[in-house]
Structure formats: structure tokens, C-alpha cells
Protein chains: 2
Amino acid sequence: MAAVKEKYHHGDLRSALLDAALAVLTEIGPQGLTIREVARRAGVSHAAPYRHFADRDELILAVVEQGFEKMQQTMQAEKATAPDDPVSQFAASGLAYVAFALQHPAYYRVMFSGDLLSTTGDLTLQHTSRQALQEMVSNIAECQQLGMVRKGDPVMQALTILSTIHGFVSLVNDNRIGHLVNKPFSLESIRDEVLRMIFEGLAVPPHPGH
Amino acid sequence: MAAVKEKYHHGDLRSALLDAALAVLTEIGPQGLTIREVARRAGVSHAAPYRHFADRDELILAVVEQGFEKMQQTMQAEKATAPDDPVSQFAASGLAYVAFALQHPAYYRVMFSGDLLSTTGDLTLQHTSRQALQEMVSNIAECQQLGMVRKGDPVMQALTILSTIHGFVSLVNDNRIGHLVNKPFSLESIRDEVLRMIFEGLAVPPHPGH
DNA sequence: TTTTCTATGTTTACAATAGCAACACGCTGA
DNA sequence: TCAGCGTGTTGCTATTGTAAACATAGAAAA
């Protein structure tokens with residue numbers, strides 16, 4: 001690791017602050033995410049962050065945007081290695097989404113918390129998420145045309161799947177599943193079961209008269 | 001309304017504080033939920049709440065518990081008016097759950113936020129939610145025995161349904177659906193579609209050789 | 001080279017908050 | 001009557017967000 005310049009001017013404070021913010025979210029949680037704590041970890045004065053972020057919300061928003069970028073990259077990478085048919089691509093997306101959310105709970109929480117930030121107002125994020133949904137919808141439509149997914153409004157199907165996946169990872173990340181099931185369980189088995197039920201719900205029912 | 005006694009001793013400060021807390025959550029949001037603001041609304045000094053709640057977390061926890069109670073009451077009432085077969089009971093529960101979450105977003109958010117409170121540590125709530133899941137599981141098992149729901153581990157099915165419903169109402173309450181769909185939409189139509197897909201995913205597939 | 005400008009940190013200051021401690025009030029029971 | 005205890009108040013400290021004034025380093029211009 002290159003020695004960090006111990007100078008009056010930090011060099012790349014913005015990045016350092018984002019890293020520190022994510023570290024705080026991971027280690028302590030959202031209630032520990034204060035401007036001053038982040039500044040402390042970056043080794044600067046408590047007012048330095050204001051040169052890069054107008055206020056606390058803007059700092060959080062930057063973390064959220066970074067999270068969406070990383071998530072998108074992960075999903076694209078997974079899709080790239082999957083077979084090129086719509087069903088495989090769709091499955092790869094879904095698995096990658098869940099994997100990212102479970103591997104980076106701090107990112108996912110801040111991205112979707114709704115308490116930490118009223119991100120709904122941010123136009124960039126609105127655009128990003130709408131684009132992601134659109135991709136999902138056309139993917140479903142392709143699967144329908146191949147006869148691999150039952151008929152129906154693909155937007156509704158996408159929203160339902162999104163609900164299921166988002167609900168699942170939220171429950172897991174907020175630790176709401178651990179004490180629901182008393183007997184020991186494997187997270188992967190629940191995950192696979194949830195994904196399987198999604199696909200069963202999507203699958204074309206067999207022709208009764210076949 | 002009876003005139004509130006303007007006395008040194010409030011009379012029922014604890015309830016008043018819970019009401020004020022919910023009002024703040026509704027009007028301002030979680031970031032406005034401070035001990036002092038709640039005290040101000042209840043017309044008492046800033047330290048008075050500490051006679052009833054050890055700290056801010058305990059106040060929030062009390063709101064959460066109240067929320068679970070009201071939700072349970074609502075669901076019980078809905079089930080009482082529904083037909084007495086397992087399928088109707090189950091459907092009534094699901095609809096009541098969604099209805100409560102959408103009609104009382106402030107309650108639902110604080111109940112499931114995971115940021116506002118690490119409620120997972122509270123034993124009462126653990127018991128309550130485990131009991132609710134257990135009821136759901138046995139309800140599904142009944143439906144299975146009647147041949148109305150496809151075979152499979154009812155715990156997994158319950159968790160999947162819970163994920164879907166929780167994800168749906170979370171997305172709606174956090175306003176993540178409004179700007180996902182650009183064309184005008186009816187929330188009810190999405191809700192019904194989501195519930196319909198849950199039931200389709202649960203329904204016994206028709207016998208191929210029938 | 002020297003001067004000046006600008007981006008980026010620092011220091012200082014203020015208002016709001018959580019939470020603690022000491023005090024005050026008033027009901028209740030001996 | 002009055003002692004005790006539950007409940008509310010006042011006042012204090014530490015922490016936070018955020019603004020304003022100041023400082024510095026590196027770039028741009030002279």
C-alpha cells in the first residue's frame with residue numbers, strides 16, 4: 001500500500017470519506033454514520049467533508065450511488081458469463097442481485113432503507129432504477145416469446161419478482177429470518193427455495209390436455 | 001373531547017408520548033423523531049419522557065410493539081369476518097396485512113425498518129413474530145391437506161410469501177414503485193396482481209393427464 | 001521567478017440533541 | 001399530618017450538524 005501523503009491537502013478526500021462512511025455503516029450501523037465520525041476516520045477536521053458534500057444527506061446519497069454502480073457492475077459481470085439465452089440471463093441477474101445484497105448488506109441497506117434518505121427525489125437514481133426495471137421487463141418479455149414464461153403483463157411480473165427478492169434480502173439483512181425459524185437452517189437453502197418458487201410462479205403451467 | 005388536565009402530573013403521559021411519536025413519524029419521518037420533539041408535542045419538559053422510557057430506543061420499541069398489536073388486531077378482525085375455510089382465512093390474512101401496511105405506513109416502517117431499531121434483540125417481538133409465522137405455516141398446511149395448495153415445505157412457502165408481501169409494501173411505502181412505472185397506474189391493481197401471482201405460485205398445478 | 005487565484009482544509013462558533021443529576025410537586029397510605 | 005415515592009422540571013455536559021472566517025498548497029498568470 002502506498003504511503004498516504006500526510007499533507008494539508010488530503011489528495012483524494014472524497015473517496016476516503018466514502019470508504020469511511022461504508023466502513024461505519026458496516027461496523028456500527030446507520031446510527032453511527034455522522035459527518036464527524038467519517039471525518040475522524042479520514043483523519044481530517046470535522047468540517048472538511050463539507051468541501052465535498054453539501055450536507056449529511058448528500059454524503060449518504062453518494063454512498064447510495066456508489067452502491068448502485070457496484071451492484072450494476074456485478075450483475076453485468078454475472079450476465080456476461082452466463083449462457084446467452086433470455087432465461088439464463090434472467091436467472092443470472094436474479095442470483096447476482098441476491099448475492100450482492102447478501103454479501104454487501106451495508107450497501108443494500110443504505111440503498112433501499114428509505115429512512116436514511118428520501119432517495120426518491122434524486123433524478124439520477126430514478127433514472128438508474130427505471131432503466132434496471134426496463135431491462136428486467138424486456139428480459140421477461142423475451143422469455144414469454146420463447147414460451148418459457150407464462151403470459152401476463154411483464155411489468156406486473158417484474159414488480160412481483162422485485163418485491164419477492166427485495167423482501168427476502170431485506171428480511172435476511174435485517175435479521176428477521178434467523179429467529180423466525182427455530183430449527184437450524186441454511187440461508188442458501190431458503191434462498192434457493194425462494195428463487196425456485198419465483199420461477200415456479202413464472203413458469204408456464206403444463207397443458208391440461210397434453 | 002374531555003379537557004386535558006393542565007397539571008403538574010400529566011395523567012397518562014406514556015400514551016401521549018406514543019401518540020406524539022407516531023404523529024412525528026407520520027408528519028416528519030424518522031429523522032424528526034427526537035425525545036425533545038415528542039416531549040414538546042406532549043407539552044412536557046424535555047426530560048419527562050425519561051420517566052417512562054429509558055432512552056430513545058425504548059420509546060421507539062414501544063411504538064413498534066403498539067404497531068404489532070394493532071396489526072394483529074386488524075388481521076384477527078378481518079379473519080373473523082371471512083368464511084371459515086382455510087383458504088379464505090389465509091387470503092383474508094394476507095389482504096389485511098397489506099391493507100394495514102399501506103394504511104399505516106408510519107407504523108409499518110418503524111416496525112420493520114431495521115435501521116431505527118435493532119428489534120431483533122427484543123424477546124417479546126421475537127415471540128410475537130414467530131407465533132405469527134407459525135399460524136401462517138399451519139394455515140398453509142391446512143390448505144395443503146385440502147389439496148388447495150401445492151406440496152412442499154410450508155415453512156419455505158410461508159417465508160416466500162412473507163418476502164413477497166413485505167417487499168411489496170416496503171417498495172410502495174418507500175415510494176420506490178411510483179417512479180418505476182412511468183405510465184399512470186393504480187396501486188390497487190398492482191397489489192391485486194402481486195397477490196394473484198402469489199396464489200398462482202401456491203396453487204396446485206392442474207394434472208397434465210386430466 | 002514572483003504574484004495571485006482557487007480549491008481544499010482548519011478553527012471557531014452556535015443551535016439542537018441525548019442523557020444524567022439534582023430538585024420540586026403532589027398523591028397515597030400510615 | 002406527614003413521610004415516601006412516582007412523576008415532572010431545571011440545569012448541566014458531551015456530541016452533532018452546519019455556517020463563517022481563516023489558512024495553505026498548488027496552479028495560473030504576470
# chains A, B, ... in the order shown; residues from 1 in each chain; ligands from 1
$ residues_around --residues "Glu135 in chain B" --least-positions-apart "6" --cutoff "12 Å" --atoms "only C-alpha atoms (C1' of nucleotides)" --output "compact mmCIF listing (two decimals) with C-alpha atoms, in the first residue's frame"
# COMPACT_ATOMS: atom_id res chain seq x y z
CA LEU A 180 -38.45 -16.86 12.79
CA GLN B 72 -52.61 -8.30 14.87
CA MET B 75 -55.84 -9.16 10.99
CA GLN B 76 -57.83 -11.06 13.58
CA PRO B 86 -58.50 -22.26 5.45
CA GLN B 89 -58.80 -17.32 6.16
CA PHE B 90 -55.39 -17.26 4.56
CA SER B 93 -54.86 -12.54 6.49
CA THR B 128 -44.87 -12.36 18.52
CA SER B 129 -43.41 -12.72 15.05
CA ALA B 141 -50.54 -26.86 5.88
CA GLU B 142 -54.33 -26.98 6.22
CA PRO B 154 -44.97 -24.92 4.32
CA VAL B 155 -42.28 -23.01 6.21
CA ALA B 158 -44.60 -19.03 4.17
$ interface_residues --of "chain A" --to "chain D" --cutoff "12 Å" --atoms "only C-alpha atoms (C1' of nucleotides)" --output "MDAnalysis selection string"
chainID A and resid 7:11 31:37 46:50 53:57
$ write_last_selection --atoms "N, CA and C atoms" --output "JSON list (two decimals), in the first residue's frame"
[["chain", "number", "residue", "atom", "x", "y", "z"],
["A", 7, "LYS", "N", -0.50, 15.36, 4.31],
["A", 7, "LYS", "CA", -0.33, 16.76, 3.96],
["A", 7, "LYS", "C", -1.58, 17.55, 4.34],
["A", 8, "TYR", "N", -1.42, 18.82, 4.19],
["A", 8, "TYR", "CA", -2.55, 19.70, 4.46],
["A", 8, "TYR", "C", -3.70, 19.34, 3.54],
["A", 9, "HIS", "N", -3.38, 19.14, 2.29],
["A", 9, "HIS", "CA", -4.41, 18.70, 1.36],
["A", 9, "HIS", "C", -4.35, 17.19, 1.22],
["A", 10, "HIS", "N", -5.47, 16.59, 1.40],
["A", 10, "HIS", "CA", -5.53, 15.14, 1.52],
["A", 10, "HIS", "C", -5.17, 14.41, 0.24],
["A", 11, "GLY", "N", -5.65, 14.91, -0.86],
["A", 11, "GLY", "CA", -5.34, 14.27, -2.13],
["A", 11, "GLY", "C", -6.59, 13.67, -2.75],
["A", 31, "GLN", "N", -26.84, 4.46, 12.58],
["A", 31, "GLN", "CA", -26.88, 5.48, 13.63],
["A", 31, "GLN", "C", -25.50, 6.02, 13.95],
["A", 32, "GLY", "N", -24.46, 5.30, 13.53],
["A", 32, "GLY", "CA", -23.11, 5.78, 13.78],
["A", 32, "GLY", "C", -22.56, 6.63, 12.65],
["A", 33, "LEU", "N", -23.35, 6.74, 11.60],
["A", 33, "LEU", "CA", -22.87, 7.47, 10.42],
["A", 33, "LEU", "C", -23.03, 8.97, 10.61],
["A", 34, "THR", "N", -22.04, 9.58, 11.23],
["A", 34, "THR", "CA", -22.05, 11.02, 11.43],
["A", 34, "THR", "C", -20.92, 11.64, 10.60],
["A", 35, "ILE", "N", -21.15, 12.86, 10.20],
["A", 35, "ILE", "CA", -20.12, 13.58, 9.46],
["A", 35, "ILE", "C", -18.81, 13.58, 10.24],
["A", 36, "ARG", "N", -18.93, 13.84, 11.51],
["A", 36, "ARG", "CA", -17.73, 13.97, 12.31],
["A", 36, "ARG", "C", -16.97, 12.66, 12.45],
["A", 37, "GLU", "N", -17.69, 11.56, 12.59],
["A", 37, "GLU", "CA", -17.03, 10.26, 12.70],
["A", 37, "GLU", "C", -16.32, 9.92, 11.39],
["A", 46, "HIS", "N", -13.47, 18.13, 11.33],
["A", 46, "HIS", "CA", -14.87, 17.77, 11.22],
["A", 46, "HIS", "C", -15.62, 18.55, 10.15],
["A", 47, "ALA", "N", -15.02, 19.64, 9.68],
["A", 47, "ALA", "CA", -15.71, 20.45, 8.68],
["A", 47, "ALA", "C", -15.23, 20.17, 7.27],
["A", 48, "ALA", "N", -14.15, 19.42, 7.17],
["A", 48, "ALA", "CA", -13.58, 19.15, 5.85],
["A", 48, "ALA", "C", -14.58, 18.49, 4.89],
["A", 49, "PRO", "N", -15.39, 17.54, 5.35],
["A", 49, "PRO", "CA", -16.32, 16.89, 4.41],
["A", 49, "PRO", "C", -17.23, 17.87, 3.68],
["A", 50, "TYR", "N", -17.46, 19.03, 4.30],
["A", 50, "TYR", "CA", -18.39, 19.98, 3.67],
["A", 50, "TYR", "C", -17.82, 20.59, 2.40],
["A", 53, "PHE", "N", -19.32, 17.49, 0.23],
["A", 53, "PHE", "CA", -20.74, 17.17, 0.31],
["A", 53, "PHE", "C", -21.46, 18.31, 1.01],
["A", 54, "ALA", "N", -22.54, 18.74, 0.43],
["A", 54, "ALA", "CA", -23.26, 19.89, 0.97],
["A", 54, "ALA", "C", -23.73, 19.62, 2.40],
["A", 55, "ASP", "N", -24.19, 18.40, 2.64],
["A", 55, "ASP", "CA", -24.66, 18.04, 3.97],
["A", 55, "ASP", "C", -24.63, 16.52, 4.12],
["A", 56, "ARG", "N", -25.08, 16.07, 5.26],
["A", 56, "ARG", "CA", -25.04, 14.64, 5.56],
["A", 56, "ARG", "C", -25.79, 13.83, 4.50],
["A", 57, "ASP", "N", -26.95, 14.32, 4.10],
["A", 57, "ASP", "CA", -27.74, 13.59, 3.11],
["A", 57, "ASP", "C", -26.97, 13.38, 1.81]]
$ select_by_dssp --residues "range 25-196 of chain A" --states "helix (DSSP H, G or I)" --output "PyMOL selection string"
chain A and resi 25-27+30-32+35-42+48-51+56-81+86-103+105-112+119-121+123-145+154-173+187-196
$ residues_around --residues "Ala21 in chain B" --least-positions-apart "6" --cutoff "10 Å" --atoms "only C-alpha atoms (C1' of nucleotides)" --output "VMD selection string"
chain B and resid 15 27 29 to 30 32 to 35 37 to 39 41 to 42 59 to 60 62 to 63
$ write_last_selection --atoms "N, CA and C atoms" --output "PDB file, in the first residue's frame"
ATOM      1  N   SER B  15     -48.950   7.249  27.165  1.00  0.00           N
ATOM      2  CA  SER B  15     -49.776   7.155  25.955  1.00  0.00           C
ATOM      3  C   SER B  15     -49.601   8.381  25.091  1.00  0.00           C
ATOM      4  N   GLU B  27     -45.784  12.701  10.189  1.00  0.00           N
ATOM      5  CA  GLU B  27     -45.672  14.033   9.591  1.00  0.00           C
ATOM      6  C   GLU B  27     -44.270  14.345   9.082  1.00  0.00           C
ATOM      7  N   GLY B  29     -41.233  12.127   9.703  1.00  0.00           N
ATOM      8  CA  GLY B  29     -40.400  10.993   9.362  1.00  0.00           C
ATOM      9  C   GLY B  29     -39.490  10.637  10.520  1.00  0.00           C
ATOM     10  N   PRO B  30     -38.757   9.572  10.339  1.00  0.00           N
ATOM     11  CA  PRO B  30     -37.945   9.043  11.435  1.00  0.00           C
ATOM     12  C   PRO B  30     -36.873  10.022  11.909  1.00  0.00           C
ATOM     13  N   GLY B  32     -37.089  13.044  12.347  1.00  0.00           N
ATOM     14  CA  GLY B  32     -37.642  14.063  13.230  1.00  0.00           C
ATOM     15  C   GLY B  32     -38.044  13.511  14.580  1.00  0.00           C
ATOM     16  N   LEU B  33     -37.899  12.207  14.736  1.00  0.00           N
ATOM     17  CA  LEU B  33     -38.331  11.567  15.980  1.00  0.00           C
ATOM     18  C   LEU B  33     -37.274  11.734  17.063  1.00  0.00           C
ATOM     19  N   THR B  34     -37.350  12.866  17.762  1.00  0.00           N
ATOM     20  CA  THR B  34     -36.429  13.108  18.873  1.00  0.00           C
ATOM     21  C   THR B  34     -37.226  13.115  20.166  1.00  0.00           C
ATOM     22  N   ILE B  35     -36.544  12.742  21.230  1.00  0.00           N
ATOM     23  CA  ILE B  35     -37.183  12.763  22.541  1.00  0.00           C
ATOM     24  C   ILE B  35     -37.770  14.145  22.817  1.00  0.00           C
ATOM     25  N   GLU B  37     -38.679  16.561  20.757  1.00  0.00           N
ATOM     26  CA  GLU B  37     -39.827  16.940  19.938  1.00  0.00           C
ATOM     27  C   GLU B  37     -41.085  16.256  20.452  1.00  0.00           C
ATOM     28  N   VAL B  38     -40.951  15.019  20.807  1.00  0.00           N
ATOM     29  CA  VAL B  38     -42.088  14.271  21.341  1.00  0.00           C
ATOM     30  C   VAL B  38     -42.562  14.904  22.647  1.00  0.00           C
ATOM     31  N   ALA B  39     -41.593  15.269  23.492  1.00  0.00           N
ATOM     32  CA  ALA B  39     -41.938  15.915  24.756  1.00  0.00           C
ATOM     33  C   ALA B  39     -42.661  17.237  24.501  1.00  0.00           C
ATOM     34  N   ARG B  41     -44.464  18.094  21.950  1.00  0.00           N
ATOM     35  CA  ARG B  41     -45.831  17.863  21.488  1.00  0.00           C
ATOM     36  C   ARG B  41     -46.741  17.426  22.625  1.00  0.00           C
ATOM     37  N   ALA B  42     -46.169  16.724  23.563  1.00  0.00           N
ATOM     38  CA  ALA B  42     -46.981  16.282  24.695  1.00  0.00           C
ATOM     39  C   ALA B  42     -47.102  17.393  25.738  1.00  0.00           C
ATOM     40  N   LEU B  59     -38.372   4.081  23.565  1.00  0.00           N
ATOM     41  CA  LEU B  59     -39.575   4.754  23.069  1.00  0.00           C
ATOM     42  C   LEU B  59     -39.984   4.177  21.722  1.00  0.00           C
ATOM     43  N   ILE B  60     -39.017   4.062  20.830  1.00  0.00           N
ATOM     44  CA  ILE B  60     -39.308   3.509  19.510  1.00  0.00           C
ATOM     45  C   ILE B  60     -39.822   2.081  19.638  1.00  0.00           C
ATOM     46  N   ALA B  62     -41.449   0.800  21.997  1.00  0.00           N
ATOM     47  CA  ALA B  62     -42.835   0.811  22.462  1.00  0.00           C
ATOM     48  C   ALA B  62     -43.778   1.100  21.296  1.00  0.00           C
ATOM     49  N   VAL B  63     -43.385   2.009  20.402  1.00  0.00           N
ATOM     50  CA  VAL B  63     -44.209   2.282  19.224  1.00  0.00           C
ATOM     51  C   VAL B  63     -44.319   1.025  18.372  1.00  0.00           C
TER      52      VAL B  63
END
$ interface_residues --of "chain C" --to "chain B" --cutoff "12 Å" --atoms "only C-alpha atoms (C1' of nucleotides)" --output "list in words"
DA16, DT17, DA18, DG19, DC20, DA21, DA24, DC25, DG26 and DC27 of chain C
$ residues_around --residues "Lys70 in chain B" --least-positions-apart "6" --cutoff "10 Å" --atoms "only C-alpha atoms (C1' of nucleotides)" --output "PyMOL selection string"
chain B and resi 64+76+100+107
$ write_last_selection --atoms "C-alpha atoms" --output "PDB file, in the first residue's frame"
ATOM      1  CA  VAL B  64     -43.177  -0.883  17.412  1.00  0.00           C
ATOM      2  CA  GLN B  76     -57.832 -11.063  13.576  1.00  0.00           C
ATOM      3  CA  PHE B 100     -52.575  -2.366   7.332  1.00  0.00           C
ATOM      4  CA  TYR B 107     -46.264   2.079  11.812  1.00  0.00           C
TER       5      TYR B 107
END
$ interface_residues --of "chain A" --to "chain B" --cutoff "8 Å" --atoms "only C-alpha atoms" --output "VMD selection string"
chain A and resid 29 to 31 113 to 115 120 126 129 to 130 133 156 to 157 159 to 168 170 to 171 174 to 176 179 to 181 190 193 to 194 197 to 198 200 to 202 205 to 210
$ write_last_selection --atoms "N, CA and C atoms" --output "tab-separated table (two decimals), in the first residue's frame"
chain	number	residue	atom	x	y	z
A	29	GLY	N	-23.27	0.70	11.97
A	29	GLY	CA	-24.65	0.82	11.53
A	29	GLY	C	-24.99	2.26	11.21
A	30	PRO	N	-26.19	2.47	10.74
A	30	PRO	CA	-26.59	3.79	10.26
A	30	PRO	C	-26.56	4.86	11.35
A	31	GLN	N	-26.84	4.46	12.58
A	31	GLN	CA	-26.88	5.48	13.63
A	31	GLN	C	-25.50	6.02	13.95
A	113	SER	N	-32.95	1.79	2.19
A	113	SER	CA	-33.52	1.97	3.52
A	113	SER	C	-34.78	2.83	3.51
A	114	GLY	N	-34.74	3.97	2.83
A	114	GLY	CA	-35.94	4.80	2.80
A	114	GLY	C	-36.03	5.66	4.05
A	115	ASP	N	-35.29	5.28	5.10
A	115	ASP	CA	-35.25	6.10	6.29
A	115	ASP	C	-34.04	7.02	6.24
A	120	THR	N	-35.90	8.99	-3.25
A	120	THR	CA	-36.87	9.04	-4.34
A	120	THR	C	-36.79	10.36	-5.09
A	126	GLN	N	-33.48	7.74	-9.86
A	126	GLN	CA	-34.74	7.38	-10.51
A	126	GLN	C	-34.47	6.81	-11.89
A	129	SER	N	-32.84	3.25	-11.63
A	129	SER	CA	-33.72	2.15	-11.25
A	129	SER	C	-34.76	1.89	-12.32
A	130	ARG	N	-35.21	2.97	-12.98
A	130	ARG	CA	-36.20	2.75	-14.03
A	130	ARG	C	-35.58	1.95	-15.18
A	133	LEU	N	-35.39	-1.66	-14.19
A	133	LEU	CA	-36.68	-2.33	-14.32
A	133	LEU	C	-36.99	-2.59	-15.78
A	156	MET	N	-45.99	-6.16	-14.42
A	156	MET	CA	-46.51	-6.68	-13.17
A	156	MET	C	-45.68	-7.84	-12.68
A	157	GLN	N	-45.30	-8.71	-13.59
A	157	GLN	CA	-44.48	-9.84	-13.20
A	157	GLN	C	-43.15	-9.37	-12.63
A	159	LEU	N	-42.50	-6.49	-11.19
A	159	LEU	CA	-42.69	-5.87	-9.88
A	159	LEU	C	-42.89	-6.93	-8.80
A	160	THR	N	-43.60	-8.00	-9.16
A	160	THR	CA	-43.80	-9.06	-8.19
A	160	THR	C	-42.48	-9.73	-7.83
A	161	ILE	N	-41.69	-10.02	-8.85
A	161	ILE	CA	-40.40	-10.67	-8.60
A	161	ILE	C	-39.50	-9.74	-7.79
A	162	LEU	N	-39.52	-8.48	-8.17
A	162	LEU	CA	-38.73	-7.49	-7.44
A	162	LEU	C	-39.18	-7.45	-5.98
A	163	SER	N	-40.48	-7.48	-5.77
A	163	SER	CA	-40.99	-7.48	-4.40
A	163	SER	C	-40.47	-8.68	-3.63
A	164	THR	N	-40.56	-9.84	-4.24
A	164	THR	CA	-40.14	-11.04	-3.54
A	164	THR	C	-38.67	-10.98	-3.19
A	165	ILE	N	-37.85	-10.66	-4.17
A	165	ILE	CA	-36.41	-10.66	-3.95
A	165	ILE	C	-36.03	-9.58	-2.94
A	166	HIS	N	-36.60	-8.40	-3.13
A	166	HIS	CA	-36.29	-7.30	-2.20
A	166	HIS	C	-36.75	-7.65	-0.79
A	167	GLY	N	-37.94	-8.21	-0.70
A	167	GLY	CA	-38.44	-8.58	0.62
A	167	GLY	C	-37.56	-9.64	1.26
A	168	PHE	N	-37.17	-10.61	0.48
A	168	PHE	CA	-36.33	-11.68	1.02
A	168	PHE	C	-35.01	-11.13	1.56
A	170	SER	N	-34.24	-8.15	2.32
A	170	SER	CA	-34.46	-7.20	3.42
A	170	SER	C	-34.67	-7.96	4.73
A	171	LEU	N	-35.50	-8.98	4.67
A	171	LEU	CA	-35.75	-9.77	5.88
A	171	LEU	C	-34.46	-10.40	6.38
A	174	ASP	N	-32.03	-7.64	7.68
A	174	ASP	CA	-32.49	-7.06	8.94
A	174	ASP	C	-32.64	-8.13	10.01
A	175	ASN	N	-32.14	-9.32	9.68
A	175	ASN	CA	-32.07	-10.40	10.67
A	175	ASN	C	-33.46	-10.82	11.16
A	176	ARG	N	-34.41	-10.81	10.26
A	176	ARG	CA	-35.79	-11.14	10.66
A	176	ARG	C	-36.10	-12.60	10.38
A	179	HIS	N	-34.61	-15.64	13.68
A	179	HIS	CA	-35.38	-16.06	14.84
A	179	HIS	C	-36.82	-16.37	14.49
A	180	LEU	N	-37.11	-16.40	13.19
A	180	LEU	CA	-38.45	-16.86	12.79
A	180	LEU	C	-38.46	-18.38	12.77
A	181	VAL	N	-37.39	-18.92	12.23
A	181	VAL	CA	-37.29	-20.37	12.14
A	181	VAL	C	-36.46	-20.83	13.33
A	190	ILE	N	-32.89	-21.59	1.96
A	190	ILE	CA	-34.06	-20.72	1.89
A	190	ILE	C	-34.00	-19.88	0.61
A	193	GLU	N	-34.94	-21.90	-2.31
A	193	GLU	CA	-36.37	-22.20	-2.29
A	193	GLU	C	-37.17	-20.98	-2.75
A	194	VAL	N	-36.77	-19.82	-2.28
A	194	VAL	CA	-37.47	-18.59	-2.70
A	194	VAL	C	-37.33	-18.40	-4.20
A	197	MET	N	-39.43	-20.87	-6.06
A	197	MET	CA	-40.86	-20.56	-6.08
A	197	MET	C	-41.16	-19.41	-7.02
A	198	ILE	N	-40.23	-18.49	-7.14
A	198	ILE	CA	-40.42	-17.42	-8.12
A	198	ILE	C	-40.54	-18.01	-9.51
A	200	GLU	N	-41.27	-21.09	-10.34
A	200	GLU	CA	-42.49	-21.89	-10.48
A	200	GLU	C	-43.69	-20.99	-10.73
A	201	GLY	N	-43.70	-19.87	-10.04
A	201	GLY	CA	-44.80	-18.94	-10.23
A	201	GLY	C	-44.79	-18.34	-11.63
A	202	LEU	N	-43.60	-18.26	-12.20
A	202	LEU	CA	-43.48	-17.68	-13.54
A	202	LEU	C	-43.69	-18.72	-14.64
A	205	PRO	N	-47.71	-23.05	-17.02
A	205	PRO	CA	-48.32	-24.28	-16.48
A	205	PRO	C	-48.43	-25.31	-17.59
A	206	PRO	N	-48.26	-26.58	-17.26
A	206	PRO	CA	-48.37	-27.64	-18.28
A	206	PRO	C	-49.78	-27.68	-18.85
A	207	HIS	N	-49.91	-27.95	-20.14
A	207	HIS	CA	-51.23	-28.03	-20.77
A	207	HIS	C	-52.01	-29.17	-20.15
A	208	PRO	N	-53.19	-28.86	-19.64
A	208	PRO	CA	-54.00	-29.92	-19.02
A	208	PRO	C	-54.30	-31.05	-19.99
A	209	GLY	N	-54.49	-30.73	-21.24
A	209	GLY	CA	-54.88	-31.76	-22.18
A	209	GLY	C	-53.71	-32.35	-22.95
A	210	HIS	N	-52.50	-32.22	-22.44
A	210	HIS	CA	-51.35	-32.68	-23.20
A	210	HIS	C	-51.02	-34.13	-22.90
$ atom_distance --atom1 "CA of Gly43 in chain A" --atom2 "CA of His104 in chain A"
25.0 Å
$ atom_distance --atom1 "CA of Phe68 in chain B" --atom2 "CA of Glu188 in chain A"
29.0 Å
$ decode --residues "chain C" --atoms "C-alpha atoms (C1' of nucleotides)" --output "PDB file, in the first residue's frame"
ATOM      1  C1'  DT C   1      10.725  33.867 -10.850  1.00  0.00           C
ATOM      2  C1'  DT C   2       7.078  36.134  -8.313  1.00  0.00           C
ATOM      3  C1'  DT C   3       2.323  37.127  -7.573  1.00  0.00           C
ATOM      4  C1'  DT C   4      -2.297  35.987  -7.247  1.00  0.00           C
ATOM      5  C1'  DC C   5      -6.234  32.940  -7.571  1.00  0.00           C
ATOM      6  C1'  DT C   6      -8.766  28.947  -6.293  1.00  0.00           C
ATOM      7  C1'  DA C   7      -9.663  24.562  -4.317  1.00  0.00           C
ATOM      8  C1'  DT C   8      -9.391  22.373  -0.151  1.00  0.00           C
ATOM      9  C1'  DG C   9      -8.631  22.046   4.925  1.00  0.00           C
ATOM     10  C1'  DT C  10      -8.907  24.235   9.701  1.00  0.00           C
ATOM     11  C1'  DT C  11     -10.706  26.800  13.538  1.00  0.00           C
ATOM     12  C1'  DT C  12     -14.253  28.809  15.841  1.00  0.00           C
ATOM     13  C1'  DA C  13     -18.926  29.368  16.954  1.00  0.00           C
ATOM     14  C1'  DC C  14     -23.912  28.352  17.534  1.00  0.00           C
ATOM     15  C1'  DA C  15     -28.143  25.754  17.906  1.00  0.00           C
ATOM     16  C1'  DA C  16     -30.230  21.252  18.742  1.00  0.00           C
ATOM     17  C1'  DT C  17     -29.971  16.832  20.733  1.00  0.00           C
ATOM     18  C1'  DA C  18     -29.328  12.606  24.232  1.00  0.00           C
ATOM     19  C1'  DG C  19     -28.971  11.697  28.577  1.00  0.00           C
ATOM     20  C1'  DC C  20     -27.757  12.446  33.570  1.00  0.00           C
ATOM     21  C1'  DA C  21     -28.360  14.616  38.228  1.00  0.00           C
ATOM     22  C1'  DA C  22     -30.499  17.387  41.438  1.00  0.00           C
ATOM     23  C1'  DC C  23     -34.662  19.413  42.659  1.00  0.00           C
ATOM     24  C1'  DA C  24     -39.950  20.031  43.103  1.00  0.00           C
ATOM     25  C1'  DC C  25     -44.533  18.680  43.303  1.00  0.00           C
ATOM     26  C1'  DG C  26     -48.484  16.079  44.710  1.00  0.00           C
ATOM     27  C1'  DC C  27     -50.823  11.814  45.605  1.00  0.00           C
ATOM     28  C1'  DT C  28     -51.308   7.967  48.879  1.00  0.00           C
ATOM     29  C1'  DG C  29     -51.100   5.486  52.835  1.00  0.00           C
ATOM     30  C1'  DA C  30     -49.652   5.211  57.760  1.00  0.00           C
TER      31       DA C  30
END
